[in-house]
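What follows is target13.txt (compact mmCIF, C-alpha atoms and all ligand atoms).
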# COMPACT_ATOMS: atom_id res chain seq x y z
CA MET A 1 27.23 12.05 -13.53
CA LYS A 2 29.46 12.96 -16.42
CA LYS A 3 31.15 10.66 -18.87
CA GLU A 4 34.60 11.57 -17.56
CA GLU A 5 33.56 10.38 -14.11
CA MET A 6 33.12 6.85 -15.36
CA GLU A 7 35.70 4.35 -14.21
CA ASN A 8 36.25 2.99 -17.68
CA GLY A 9 34.72 3.12 -21.12
CA ALA A 10 32.91 -0.20 -20.71
CA CYS A 11 30.19 1.16 -18.45
CA GLN A 12 26.92 2.05 -20.10
CA GLU A 13 25.69 5.20 -18.51
CA HIS A 14 22.17 6.41 -19.09
CA ASP A 15 21.91 9.88 -20.56
CA ASP A 16 20.19 12.72 -18.77
CA SER A 17 16.75 12.07 -20.22
CA THR A 18 16.42 8.44 -19.15
CA GLY A 19 15.51 7.44 -15.65
CA PHE A 20 15.77 4.44 -13.40
CA CYS A 21 13.60 1.38 -13.12
CA GLY A 22 10.80 2.18 -10.65
CA LEU A 23 8.80 -0.85 -9.59
CA PRO A 24 5.12 -0.62 -8.67
CA ALA A 25 4.72 -1.07 -4.90
CA VAL A 26 3.38 -4.49 -3.93
CA PRO A 27 2.50 -5.30 -0.30
CA ASP A 28 4.40 -8.15 1.33
CA ARG A 29 2.43 -11.39 1.36
CA PRO A 30 1.28 -11.97 4.95
CA LEU A 31 3.04 -14.73 6.88
CA ALA A 32 2.28 -16.08 10.35
CA GLU A 33 3.16 -13.41 12.93
CA ASP A 34 5.44 -15.54 15.08
CA ILE A 35 7.44 -16.85 12.13
CA ASP A 36 11.11 -17.64 12.65
CA PRO A 37 13.20 -14.90 10.94
CA ASN A 38 15.38 -17.41 9.12
CA ARG A 39 12.30 -19.15 7.76
CA GLU A 40 10.84 -15.80 6.69
CA ALA A 41 14.08 -14.82 4.95
CA LEU A 42 14.10 -18.06 2.95
CA ILE A 43 10.46 -17.61 1.99
CA ARG A 44 11.07 -14.03 0.84
CA TYR A 45 14.13 -15.14 -1.15
CA VAL A 46 12.15 -17.74 -3.08
CA GLU A 47 8.49 -16.67 -3.06
CA LYS A 48 8.33 -14.69 -6.30
CA LYS A 49 10.21 -17.21 -8.43
CA TRP A 50 8.30 -19.35 -10.92
CA VAL A 51 8.55 -23.09 -10.63
CA ASN A 52 11.23 -24.29 -12.99
CA LYS A 53 10.20 -25.44 -16.49
CA THR A 54 7.36 -22.94 -16.61
CA VAL A 55 6.76 -21.57 -20.11
CA LEU A 56 6.55 -17.80 -19.75
CA HIS A 57 4.50 -16.32 -22.55
CA TYR A 58 5.11 -12.69 -23.42
CA HIS A 59 3.06 -10.33 -25.52
CA PHE A 60 3.62 -6.83 -26.88
CA LEU A 61 0.45 -4.87 -26.19
CA GLU A 62 -1.19 -3.07 -29.14
CA ASN A 63 -3.78 -1.28 -27.05
CA PRO A 64 -3.70 1.62 -26.45
CA THR A 65 -1.65 2.32 -29.58
CA SER A 66 0.54 4.76 -27.64
CA TRP A 67 1.83 1.76 -25.67
CA SER A 68 2.71 -0.20 -28.77
CA GLY A 69 6.47 -0.30 -29.38
CA GLU A 70 8.21 0.06 -32.73
CA GLU A 71 9.88 -3.03 -34.17
CA PRO A 72 13.45 -1.98 -33.23
CA GLN A 73 12.33 -1.61 -29.58
CA ARG A 74 10.56 -4.96 -29.57
CA SER A 75 13.54 -6.59 -31.14
CA VAL A 76 15.79 -5.47 -28.23
CA VAL A 77 13.33 -7.08 -25.80
CA ARG A 78 13.22 -10.33 -27.81
CA ASP A 79 17.02 -10.39 -27.88
CA ALA A 80 17.12 -9.88 -24.11
CA PHE A 81 14.78 -12.85 -23.58
CA ASP A 82 17.09 -14.85 -25.86
CA GLU A 83 20.12 -13.77 -23.85
CA TRP A 84 18.60 -15.07 -20.59
CA LYS A 85 17.50 -18.26 -22.36
CA ALA A 86 20.97 -18.78 -23.83
CA LEU A 87 22.15 -19.50 -20.27
CA GLU A 88 20.40 -22.86 -20.80
CA ILE A 89 17.94 -22.29 -18.00
CA GLY A 90 14.89 -24.51 -17.50
CA LEU A 91 12.37 -21.71 -18.11
CA LYS A 92 11.07 -21.25 -21.64
CA PHE A 93 9.97 -18.00 -23.28
CA GLU A 94 7.39 -17.83 -26.02
CA GLU A 95 6.00 -14.74 -27.74
CA VAL A 96 2.22 -14.91 -28.20
CA THR A 97 -0.22 -12.77 -30.16
CA ALA A 98 -3.12 -12.80 -27.67
CA PRO A 99 -2.62 -10.73 -24.49
CA ASN A 100 -4.67 -13.07 -22.32
CA ASP A 101 -2.36 -15.99 -23.21
CA ALA A 102 0.60 -14.10 -21.73
CA GLU A 103 1.91 -13.93 -18.18
CA VAL A 104 4.17 -11.04 -19.24
CA ARG A 105 2.48 -8.17 -21.11
CA ILE A 106 4.79 -5.48 -22.37
CA ALA A 107 4.05 -1.82 -23.07
CA PHE A 108 6.24 1.02 -24.30
CA GLU A 109 4.69 4.06 -22.65
CA PRO A 110 7.27 6.87 -22.52
CA GLY A 111 8.30 7.77 -18.96
CA GLY A 112 9.42 5.09 -16.53
CA SER A 113 10.60 1.52 -17.02
CA TRP A 114 9.42 -1.17 -14.60
CA SER A 115 8.11 -4.70 -14.24
CA TYR A 116 6.26 -6.78 -11.73
CA VAL A 117 8.55 -9.28 -10.01
CA GLY A 118 8.14 -12.96 -10.96
CA ARG A 119 4.84 -14.50 -9.91
CA ASP A 120 3.45 -11.05 -9.03
CA CYS A 121 2.82 -10.80 -12.81
CA ILE A 122 -0.10 -13.20 -12.34
CA ASP A 123 -0.86 -12.67 -8.63
CA MET A 124 -1.07 -8.87 -8.68
CA VAL A 125 -2.41 -8.16 -12.18
CA SER A 126 -5.85 -9.67 -12.61
CA ASP A 127 -6.85 -7.81 -15.79
CA PRO A 128 -5.57 -9.94 -18.72
CA LEU A 129 -5.19 -6.80 -20.86
CA GLU A 130 -3.16 -4.86 -18.30
CA ARG A 131 0.60 -4.51 -18.69
CA THR A 132 3.05 -6.20 -16.33
CA MET A 133 6.16 -4.53 -17.79
CA ASN A 134 6.83 -1.12 -19.28
CA PHE A 135 9.71 0.41 -21.18
CA GLY A 136 9.78 4.19 -20.91
CA TRP A 137 12.84 5.08 -22.96
CA ASP A 138 14.74 4.12 -26.10
CA LEU A 139 16.10 0.59 -25.88
CA THR A 140 18.36 0.73 -28.92
CA SER A 141 21.29 2.20 -26.96
CA PRO A 142 23.62 -0.04 -24.90
CA TYR A 143 21.93 1.31 -21.74
CA GLY A 144 18.57 0.32 -23.26
CA ARG A 145 19.78 -3.21 -23.84
CA ASP A 146 20.69 -3.45 -20.17
CA THR A 147 17.27 -2.00 -19.29
CA ALA A 148 15.60 -4.86 -21.19
CA LEU A 149 17.80 -7.47 -19.45
CA HIS A 150 17.03 -5.82 -16.08
CA GLU A 151 13.23 -5.72 -16.49
CA ILE A 152 13.17 -9.32 -17.70
CA GLY A 153 15.30 -10.16 -14.64
CA HIS A 154 12.44 -8.79 -12.52
CA ALA A 155 9.91 -10.87 -14.49
CA LEU A 156 12.02 -13.95 -13.67
CA GLY A 157 11.63 -13.11 -9.98
CA PHE A 158 14.80 -11.17 -9.15
CA PRO A 159 14.64 -8.02 -6.99
CA HIS A 160 16.99 -5.03 -6.97
CA GLU A 161 20.46 -6.04 -5.89
CA HIS A 162 21.20 -2.70 -4.18
CA GLN A 163 18.33 -3.54 -1.79
CA ASN A 164 19.99 -6.81 -0.81
CA PRO A 165 20.58 -6.50 2.95
CA ILE A 166 23.89 -8.33 2.48
CA ALA A 167 25.13 -5.39 0.44
CA GLY A 168 25.36 -3.41 3.67
CA ILE A 169 25.02 -0.12 1.81
CA VAL A 170 24.54 2.87 4.09
CA TRP A 171 22.72 5.57 2.17
CA ASP A 172 22.89 9.33 2.41
CA GLU A 173 19.12 9.27 2.58
CA ALA A 174 18.58 13.01 2.08
CA ALA A 175 20.80 12.94 -1.02
CA VAL A 176 18.98 9.87 -2.36
CA TYR A 177 15.53 11.43 -1.92
CA ALA A 178 16.73 14.65 -3.57
CA TYR A 179 18.37 12.82 -6.48
CA PHE A 180 15.45 10.55 -7.39
CA GLY A 181 12.92 13.31 -6.64
CA GLY A 182 14.53 15.41 -9.38
CA TYR A 183 14.45 15.24 -13.19
CA PRO A 184 13.91 12.90 -14.98
CA ASN A 185 12.54 10.47 -12.37
CA ASN A 186 10.51 12.92 -10.25
CA TRP A 187 9.83 10.13 -7.79
CA SER A 188 7.87 10.57 -4.59
CA GLN A 189 9.73 9.79 -1.35
CA GLN A 190 7.61 6.66 -1.11
CA LYS A 191 8.72 5.43 -4.54
CA THR A 192 12.38 6.17 -3.78
CA TYR A 193 12.11 4.31 -0.48
CA TYR A 194 10.44 1.32 -2.17
CA ASN A 195 12.99 1.03 -4.98
CA VAL A 196 16.23 2.13 -3.33
CA LEU A 197 16.34 2.46 0.46
CA ARG A 198 14.08 -0.41 1.55
CA LYS A 199 15.94 -3.63 2.38
CA ILE A 200 14.30 -6.58 0.67
CA THR A 201 14.32 -9.18 3.46
CA PRO A 202 14.38 -8.57 7.21
CA THR A 203 17.41 -10.78 7.76
CA ALA A 204 20.37 -11.76 5.65
CA VAL A 205 20.14 -14.91 3.59
CA ALA A 206 23.30 -16.92 3.16
CA GLY A 207 24.15 -16.16 -0.41
CA SER A 208 26.69 -14.72 -2.68
CA GLY A 209 27.30 -11.42 -0.92
CA TRP A 210 26.94 -8.08 -2.64
CA ASP A 211 27.11 -8.21 -6.43
CA ARG A 212 27.61 -4.61 -7.49
CA ASP A 213 27.93 -5.68 -11.13
CA SER A 214 24.51 -7.34 -11.14
CA ILE A 215 22.15 -6.41 -13.96
CA MET A 216 19.66 -5.88 -11.10
CA HIS A 217 21.81 -3.13 -9.55
CA TYR A 218 21.30 0.56 -10.36
CA GLN A 219 24.17 2.82 -11.14
CA PHE A 220 24.52 5.53 -8.53
CA ALA A 221 25.93 9.01 -8.84
CA ALA A 222 28.71 10.00 -6.43
CA GLY A 223 27.41 11.20 -3.08
CA LEU A 224 24.35 8.95 -2.70
CA ILE A 225 26.11 6.15 -0.80
CA ALA A 226 27.66 7.07 2.56
CA THR A 227 29.33 3.67 3.08
CA PRO A 228 31.42 2.26 1.36
CA GLU A 229 33.02 5.68 1.61
CA LYS A 230 34.59 5.70 -1.84
CA TYR A 231 31.14 6.22 -3.36
CA GLN A 232 30.91 9.62 -1.71
CA THR A 233 33.31 10.85 -4.36
CA GLU A 234 32.95 8.37 -7.22
CA PRO A 235 29.90 6.87 -8.92
CA LEU A 236 28.97 3.22 -8.64
CA LEU A 237 28.76 1.93 -12.21
CA PRO A 238 27.92 -1.76 -12.61
CA ALA A 239 29.61 -3.45 -15.56
CA PRO A 240 27.23 -3.84 -18.52
CA GLY A 241 25.36 -7.08 -19.16
CA LEU A 242 24.70 -10.05 -16.89
CA SER A 243 27.23 -10.63 -14.10
CA SER A 244 28.62 -14.04 -13.17
CA VAL A 245 26.45 -13.98 -10.02
CA ASP A 246 23.33 -13.18 -12.09
CA ILE A 247 24.12 -16.22 -14.22
CA GLY A 248 24.71 -18.41 -11.17
CA GLU A 249 21.48 -17.31 -9.47
CA VAL A 250 19.26 -17.82 -12.51
CA ARG A 251 20.76 -21.26 -13.09
CA LYS A 252 20.25 -22.14 -9.42
CA PHE A 253 16.52 -21.38 -9.53
CA TYR A 254 15.98 -22.57 -13.09
CA PRO A 255 18.45 -25.38 -13.79
CA PRO A 256 18.45 -26.96 -17.26
CA GLU A 257 15.75 -29.50 -18.01
CA SER A 258 18.05 -32.53 -18.15
CA SER A 259 19.43 -31.91 -14.64
CA GLN A 260 16.26 -32.98 -12.80
CA PRO A 261 14.52 -36.07 -14.16
CA ALA A 262 10.88 -36.33 -13.07
CA VAL A 263 9.89 -39.07 -10.62
CA ALA A 264 6.66 -41.01 -11.21
CA LEU A 265 4.05 -40.24 -8.56
CA GLU A 266 1.72 -43.21 -8.05
CA PRO A 267 -1.48 -43.12 -6.01
CA PHE A 268 -0.99 -43.87 -2.29
CA MET A 269 2.82 -44.14 -2.63
CA SER A 270 4.45 -41.33 -0.69
CA GLN A 271 7.69 -39.75 -1.87
CA VAL A 272 10.20 -38.11 0.47
CA LEU A 273 10.97 -34.48 -0.36
CA GLN A 274 14.71 -34.35 0.26
CA ILE A 275 15.80 -31.06 -1.25
CA SER A 276 17.35 -27.84 -0.02
CA ALA A 277 15.60 -24.49 0.27
CA GLY A 278 14.93 -23.02 -3.17
CA GLU A 279 15.28 -26.38 -4.93
CA GLN A 280 12.54 -28.15 -6.84
CA LEU A 281 11.40 -31.72 -7.37
CA ASP A 282 9.42 -32.76 -10.45
CA PHE A 283 6.89 -35.54 -10.55
CA VAL A 284 5.03 -37.05 -13.45
CA ILE A 285 1.51 -38.42 -13.01
CA ARG A 286 -0.06 -40.80 -15.54
CA PRO A 287 -3.51 -41.66 -14.14
CA GLU A 288 -4.89 -45.12 -14.84
CA MET A 289 -8.36 -43.97 -13.86
CA SER A 290 -10.25 -40.73 -14.49
CA ARG A 291 -11.30 -39.32 -11.13
CA LYS A 292 -10.70 -36.55 -8.64
CA TYR A 293 -7.25 -36.73 -7.05
CA VAL A 294 -5.59 -34.93 -4.16
CA MET A 295 -1.90 -34.03 -4.29
CA GLN A 296 -0.55 -32.85 -0.96
CA THR A 297 2.71 -32.28 0.86
CA PHE A 298 2.99 -33.26 4.49
CA GLY A 299 5.45 -32.51 7.26
CA ALA A 300 6.73 -29.21 8.66
CA MET A 301 7.66 -27.64 5.36
CA ASP A 302 6.90 -24.58 3.27
CA THR A 303 6.39 -25.41 -0.38
CA VAL A 304 4.85 -24.13 -3.57
CA MET A 305 3.25 -26.83 -5.70
CA VAL A 306 2.12 -26.36 -9.30
CA LEU A 307 0.26 -28.81 -11.54
CA PHE A 308 0.62 -28.79 -15.34
CA GLU A 309 -0.97 -30.91 -18.04
CA ASP A 310 1.09 -32.02 -20.99
CA ASP A 311 -0.30 -30.70 -24.26
CA ASN A 312 1.81 -32.17 -27.08
CA GLY A 313 5.02 -31.48 -25.21
CA THR A 314 3.98 -28.13 -23.75
CA PRO A 315 3.17 -27.99 -20.03
CA VAL A 316 -0.07 -26.07 -19.54
CA PHE A 317 -0.73 -24.60 -16.09
CA LEU A 318 -3.73 -26.12 -14.28
CA GLU A 319 -3.48 -25.16 -10.61
CA GLY A 320 -1.06 -24.05 -7.92
CA ASP A 321 -0.90 -23.79 -4.16
CA ASP A 322 1.57 -22.07 -1.85
CA ASP A 323 1.49 -22.85 1.87
CA SER A 324 4.61 -20.94 2.87
CA GLY A 325 4.66 -19.08 6.16
CA TRP A 326 1.76 -20.99 7.70
CA VAL A 327 1.24 -24.36 9.37
CA THR A 328 -0.87 -25.73 6.51
CA ASN A 329 0.43 -27.92 3.67
CA ALA A 330 0.27 -27.29 -0.05
CA SER A 331 -2.63 -29.19 -1.55
CA ILE A 332 -4.27 -29.46 -4.97
CA ARG A 333 -7.53 -31.24 -5.66
CA MET A 334 -8.15 -31.85 -9.35
CA ARG A 335 -9.88 -34.27 -11.68
CA LEU A 336 -7.22 -36.03 -13.75
CA ILE A 337 -8.02 -37.90 -16.93
CA LYS A 338 -6.85 -41.42 -17.76
CA GLY A 339 -4.34 -41.53 -20.61
CA ARG A 340 -3.12 -37.96 -20.11
CA THR A 341 0.18 -36.87 -18.59
CA TYR A 342 0.52 -34.35 -15.76
CA TYR A 343 3.54 -32.71 -14.17
CA LEU A 344 3.61 -31.74 -10.53
CA ARG A 345 6.43 -29.40 -9.60
CA VAL A 346 7.24 -28.75 -5.96
CA ARG A 347 9.64 -26.06 -4.81
CA LEU A 348 10.79 -26.04 -1.20
CA TYR A 349 11.10 -22.78 0.72
CA TYR A 350 11.94 -24.15 4.10
CA ALA A 351 11.89 -27.37 6.13
CA HIS A 352 12.29 -27.58 9.89
CA ALA A 353 14.60 -30.55 9.41
CA ALA A 354 16.04 -32.29 6.37
CA GLY A 355 13.93 -35.19 5.12
CA GLN A 356 11.04 -34.18 7.34
CA GLY A 357 8.51 -33.95 4.59
CA GLY A 358 6.91 -35.88 1.83
CA ILE A 359 4.33 -35.74 -0.89
CA MET A 360 1.48 -38.06 -1.74
CA LEU A 361 -1.21 -38.51 -4.35
CA TRP A 362 -4.48 -40.18 -3.54
ZN ZN A 401 14.39 -2.59 -11.49
Could I get this file's structure written as structure tokens?
Amino acid sequence: MKKEEMENGACQEHDDSTGFCGLPAVPDRPLAEDIDPNREALIRYVEKKWVNKTVLHYHFLENPTSWSGEEPQRSVVRDAFDEWKALEIGLKFEEVTAPNDAEVRIAFEPGGSWSYVGRDCIDMVSDPLERTMNFGWDLTSPYGRDTALHEIGHALGFPHEHQNPIAGIVWDEAAVYAYFGGYPNNWSQQKTYYNVLRKITPTAVAGSGWDRDSIMHYQFAAGLIATPEKYQTEPLLPAPGLSSVDIGEVRKFYPPESSQPAVALEPFMSQVLQISAGEQLDFVIRPEMSRKYVMQTFGAMDTVMVLFEDDNGTPVFLEGDDDSGWVTNASIRMRLIKGRTYYLRVRLYYAHAAGQGGIMLW
């Protein structure tokens, strides 16, 4: 692509030495074999998102020193976290100095840029000194700023928008393999398939349609997309920065704190879970007795349930369980201490019928 091919001056094209975000391949989490496709699509749409109000800690790795970024690079990443946070989402971001306190560990090894997607940061990376995100090129250009927003978008649980089945893109597959197999990406066919050609979910999820201006969308040179036909002769250049759909999606999964007051969960008093797929209910538990408790959902529902303990206003993760895609229910068994405060956050993937589920503490 050349500058004169750009539709207008607002688009931030990468120069010839920078590449595209190439995510590490992660196998799909197994679900029951006879699962309903609509149920599977909803699970896949939600499964990598954090529960809302999670504090995501991030850390800039110092080891090895070749991974350690210069201050101007780090500062672009901090600003990108701030830009997502400025949308008044319910997630919080906090920079920490110890790598094993961080869910998101950031390296600056020259080469490719990538991140694990959402909860894969903790589910797929067991070594607390291993990176979950890498920046492989200079971030101080406008394209670099968008790279930082894009990789953080992955860390928040968002996949590539050009792999959204709703986009309906028909690729010139030979051209795509040739393009990404060449300089500077030098990707294997497998990596190109994983990051570009593969559709994310097996069936379409009712959503916003194709957002070609998403921060999670690549720019594509002319000739890589067969349909829509216009991209055979012109490049697809997403507008810079976060799109209105990006903003809507992140606010949908992570609404502001004040929008969802927590409900008290008392022992042996069941609460109906009446929420839509992707939504979350928050409960507060204030035990009057120190003992082992069980928190469990019941009914034909897929949920993820996460328990936090309040530590001077900061929710600290204790335990989580995800029953999605199977007939079991999410369940946590934990000793809770009298006088302390706990938060139980439950996000619904799917329910066979509205109001057909509940939650109980005993
Ligand atoms: Zn990406």
With a cut-off of 12 Å, could you pull out the residues of chain A touching ligand ZN 401 (chain A) and give me the nearest pair of atoms for each, distance in Å to one decimal, using only C-alpha atoms and all ligand atoms, ordered by chain and ascending number, as JSON lines?
{"residue": "A:Gly19", "atom": "CA", "partner": "A:ZN401", "partner_atom": "ZN", "distance": 10.9}
{"residue": "A:Phe20", "atom": "CA", "partner": "A:ZN401", "partner_atom": "ZN", "distance": 7.4}
{"residue": "A:Cys21", "atom": "CA", "partner": "A:ZN401", "partner_atom": "ZN", "distance": 4.4}
{"residue": "A:Gly22", "atom": "CA", "partner": "A:ZN401", "partner_atom": "ZN", "distance": 6.0}
{"residue": "A:Leu23", "atom": "CA", "partner": "A:ZN401", "partner_atom": "ZN", "distance": 6.2}
{"residue": "A:Pro24", "atom": "CA", "partner": "A:ZN401", "partner_atom": "ZN", "distance": 9.9}
{"residue": "A:Ala25", "atom": "CA", "partner": "A:ZN401", "partner_atom": "ZN", "distance": 11.8}
{"residue": "A:Gly112", "atom": "CA", "partner": "A:ZN401", "partner_atom": "ZN", "distance": 10.4}
{"residue": "A:Ser113", "atom": "CA", "partner": "A:ZN401", "partner_atom": "ZN", "distance": 7.9}
{"residue": "A:Trp114", "atom": "CA", "partner": "A:ZN401", "partner_atom": "ZN", "distance": 6.0}
{"residue": "A:Ser115", "atom": "CA", "partner": "A:ZN401", "partner_atom": "ZN", "distance": 7.2}
{"residue": "A:Tyr116", "atom": "CA", "partner": "A:ZN401", "partner_atom": "ZN", "distance": 9.1}
{"residue": "A:Val117", "atom": "CA", "partner": "A:ZN401", "partner_atom": "ZN", "distance": 9.0}
{"residue": "A:Met133", "atom": "CA", "partner": "A:ZN401", "partner_atom": "ZN", "distance": 10.5}
{"residue": "A:Asn134", "atom": "CA", "partner": "A:ZN401", "partner_atom": "ZN", "distance": 11.0}
{"residue": "A:Phe135", "atom": "CA", "partner": "A:ZN401", "partner_atom": "ZN", "distance": 11.2}
{"residue": "A:Asp146", "atom": "CA", "partner": "A:ZN401", "partner_atom": "ZN", "distance": 10.8}
{"residue": "A:Thr147", "atom": "CA", "partner": "A:ZN401", "partner_atom": "ZN", "distance": 8.3}
{"residue": "A:Ala148", "atom": "CA", "partner": "A:ZN401", "partner_atom": "ZN", "distance": 10.0}
{"residue": "A:Leu149", "atom": "CA", "partner": "A:ZN401", "partner_atom": "ZN", "distance": 9.9}
{"residue": "A:His150", "atom": "CA", "partner": "A:ZN401", "partner_atom": "ZN", "distance": 6.2}
{"residue": "A:Glu151", "atom": "CA", "partner": "A:ZN401", "partner_atom": "ZN", "distance": 6.0}
{"residue": "A:Ile152", "atom": "CA", "partner": "A:ZN401", "partner_atom": "ZN", "distance": 9.2}
{"residue": "A:Gly153", "atom": "CA", "partner": "A:ZN401", "partner_atom": "ZN", "distance": 8.2}
{"residue": "A:His154", "atom": "CA", "partner": "A:ZN401", "partner_atom": "ZN", "distance": 6.6}
{"residue": "A:Ala155", "atom": "CA", "partner": "A:ZN401", "partner_atom": "ZN", "distance": 9.9}
{"residue": "A:Leu156", "atom": "CA", "partner": "A:ZN401", "partner_atom": "ZN", "distance": 11.8}
{"residue": "A:Gly157", "atom": "CA", "partner": "A:ZN401", "partner_atom": "ZN", "distance": 11.0}
{"residue": "A:Phe158", "atom": "CA", "partner": "A:ZN401", "partner_atom": "ZN", "distance": 8.9}
{"residue": "A:Pro159", "atom": "CA", "partner": "A:ZN401", "partner_atom": "ZN", "distance": 7.1}
{"residue": "A:His160", "atom": "CA", "partner": "A:ZN401", "partner_atom": "ZN", "distance": 5.8}
{"residue": "A:Glu161", "atom": "CA", "partner": "A:ZN401", "partner_atom": "ZN", "distance": 9.0}
{"residue": "A:His162", "atom": "CA", "partner": "A:ZN401", "partner_atom": "ZN", "distance": 10.0}
{"residue": "A:Gln163", "atom": "CA", "partner": "A:ZN401", "partner_atom": "ZN", "distance": 10.5}
{"residue": "A:Thr192", "atom": "CA", "partner": "A:ZN401", "partner_atom": "ZN", "distance": 11.8}
{"residue": "A:Tyr194", "atom": "CA", "partner": "A:ZN401", "partner_atom": "ZN", "distance": 10.9}
{"residue": "A:Asn195", "atom": "CA", "partner": "A:ZN401", "partner_atom": "ZN", "distance": 7.6}
{"residue": "A:Val196", "atom": "CA", "partner": "A:ZN401", "partner_atom": "ZN", "distance": 9.6}
{"residue": "A:Ser214", "atom": "CA", "partner": "A:ZN401", "partner_atom": "ZN", "distance": 11.2}
{"residue": "A:Ile215", "atom": "CA", "partner": "A:ZN401", "partner_atom": "ZN", "distance": 9.0}
{"residue": "A:Met216", "atom": "CA", "partner": "A:ZN401", "partner_atom": "ZN", "distance": 6.2}
{"residue": "A:His217", "atom": "CA", "partner": "A:ZN401", "partner_atom": "ZN", "distance": 7.7}
{"residue": "A:Tyr218", "atom": "CA", "partner": "A:ZN401", "partner_atom": "ZN", "distance": 7.7}
{"residue": "A:Gln219", "atom": "CA", "partner": "A:ZN401", "partner_atom": "ZN", "distance": 11.2}
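Nearest-residue note for Arg29 in chain A: choosing from A:Ser324, A:Gln274, A:Thr341, A:Ser68, the minimum distance belongs to A:Ser324, counting all atoms listed in the file.
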Residues near Glu71 in chain A, cut-off 12 Å, all atoms listed in the file, skip fewer than 6 positions along chain, as an MDAnalysis selection string: chainID A and resid 60 77:78 108 138:140
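Closest approach to Phe317 in chain A among A:Ala221, A:Leu56, A:Val46, A:Val125: A:Leu56, based on only C-alpha atoms.
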Point-to-point distance from CA of Val51 in chain A to CA of Gly339 in chain A, Å rounded to tenths: 24.6 Å
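For the pair CA of Pro261 in chain A and CA of Gly320 in chain A, the interatomic distance is 20.6 Å.
One finds CA of Leu361 in chain A at 4.9 Å from CA of Pro267 in chain A.
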Selection near Asp82 in chain A, 12 Å with all atoms listed in the file, sequence-local residues under 3 positions removed, as a ChimeraX atom specification: /A:75-79,85-89,91-95,148-149,152
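Among A:Val55, A:Trp84, A:Val306, A:Ile169, the residue with the shortest atom-to-atom distance to Ile247 in chain A, counting only C-alpha atoms, is A:Trp84.
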Your completed range 95-108 of chain A with N, CA and C atoms, as a tab-separated table (two decimals), in the coordinates of the input:
chain	number	residue	atom	x	y	z
A	95	GLU	N	6.79	-15.94	-27.41
A	95	GLU	CA	6.00	-14.74	-27.74
A	95	GLU	C	4.64	-15.18	-28.25
A	96	VAL	N	3.57	-14.55	-27.77
A	96	VAL	CA	2.22	-14.91	-28.20
A	96	VAL	C	1.49	-13.67	-28.70
A	97	THR	N	0.48	-13.90	-29.55
A	97	THR	CA	-0.22	-12.77	-30.16
A	97	THR	C	-1.46	-12.34	-29.37
A	98	ALA	N	-1.93	-13.18	-28.46
A	98	ALA	CA	-3.12	-12.80	-27.67
A	98	ALA	C	-2.69	-12.39	-26.26
A	99	PRO	N	-3.08	-11.19	-25.81
A	99	PRO	CA	-2.62	-10.73	-24.49
A	99	PRO	C	-3.04	-11.65	-23.35
A	100	ASN	N	-4.24	-12.24	-23.46
A	100	ASN	CA	-4.67	-13.07	-22.32
A	100	ASN	C	-4.03	-14.45	-22.30
A	101	ASP	N	-3.18	-14.77	-23.28
A	101	ASP	CA	-2.36	-15.99	-23.21
A	101	ASP	C	-1.01	-15.72	-22.54
A	102	ALA	N	-0.75	-14.47	-22.19
A	102	ALA	CA	0.60	-14.10	-21.73
A	102	ALA	C	0.62	-13.81	-20.24
A	103	GLU	N	1.66	-14.31	-19.57
A	103	GLU	CA	1.91	-13.93	-18.18
A	103	GLU	C	2.61	-12.57	-18.14
A	104	VAL	N	3.40	-12.28	-19.18
A	104	VAL	CA	4.17	-11.04	-19.24
A	104	VAL	C	3.65	-10.19	-20.39
A	105	ARG	N	3.04	-9.06	-20.07
A	105	ARG	CA	2.48	-8.17	-21.11
A	105	ARG	C	3.25	-6.86	-21.09
A	106	ILE	N	3.77	-6.53	-22.28
A	106	ILE	CA	4.79	-5.48	-22.37
A	106	ILE	C	4.26	-4.26	-23.09
A	107	ALA	N	4.45	-3.08	-22.47
A	107	ALA	CA	4.05	-1.82	-23.07
A	107	ALA	C	5.28	-0.93	-23.20
A	108	PHE	N	5.15	0.07	-24.08
A	108	PHE	CA	6.24	1.02	-24.30
A	108	PHE	C	5.70	2.44	-24.09
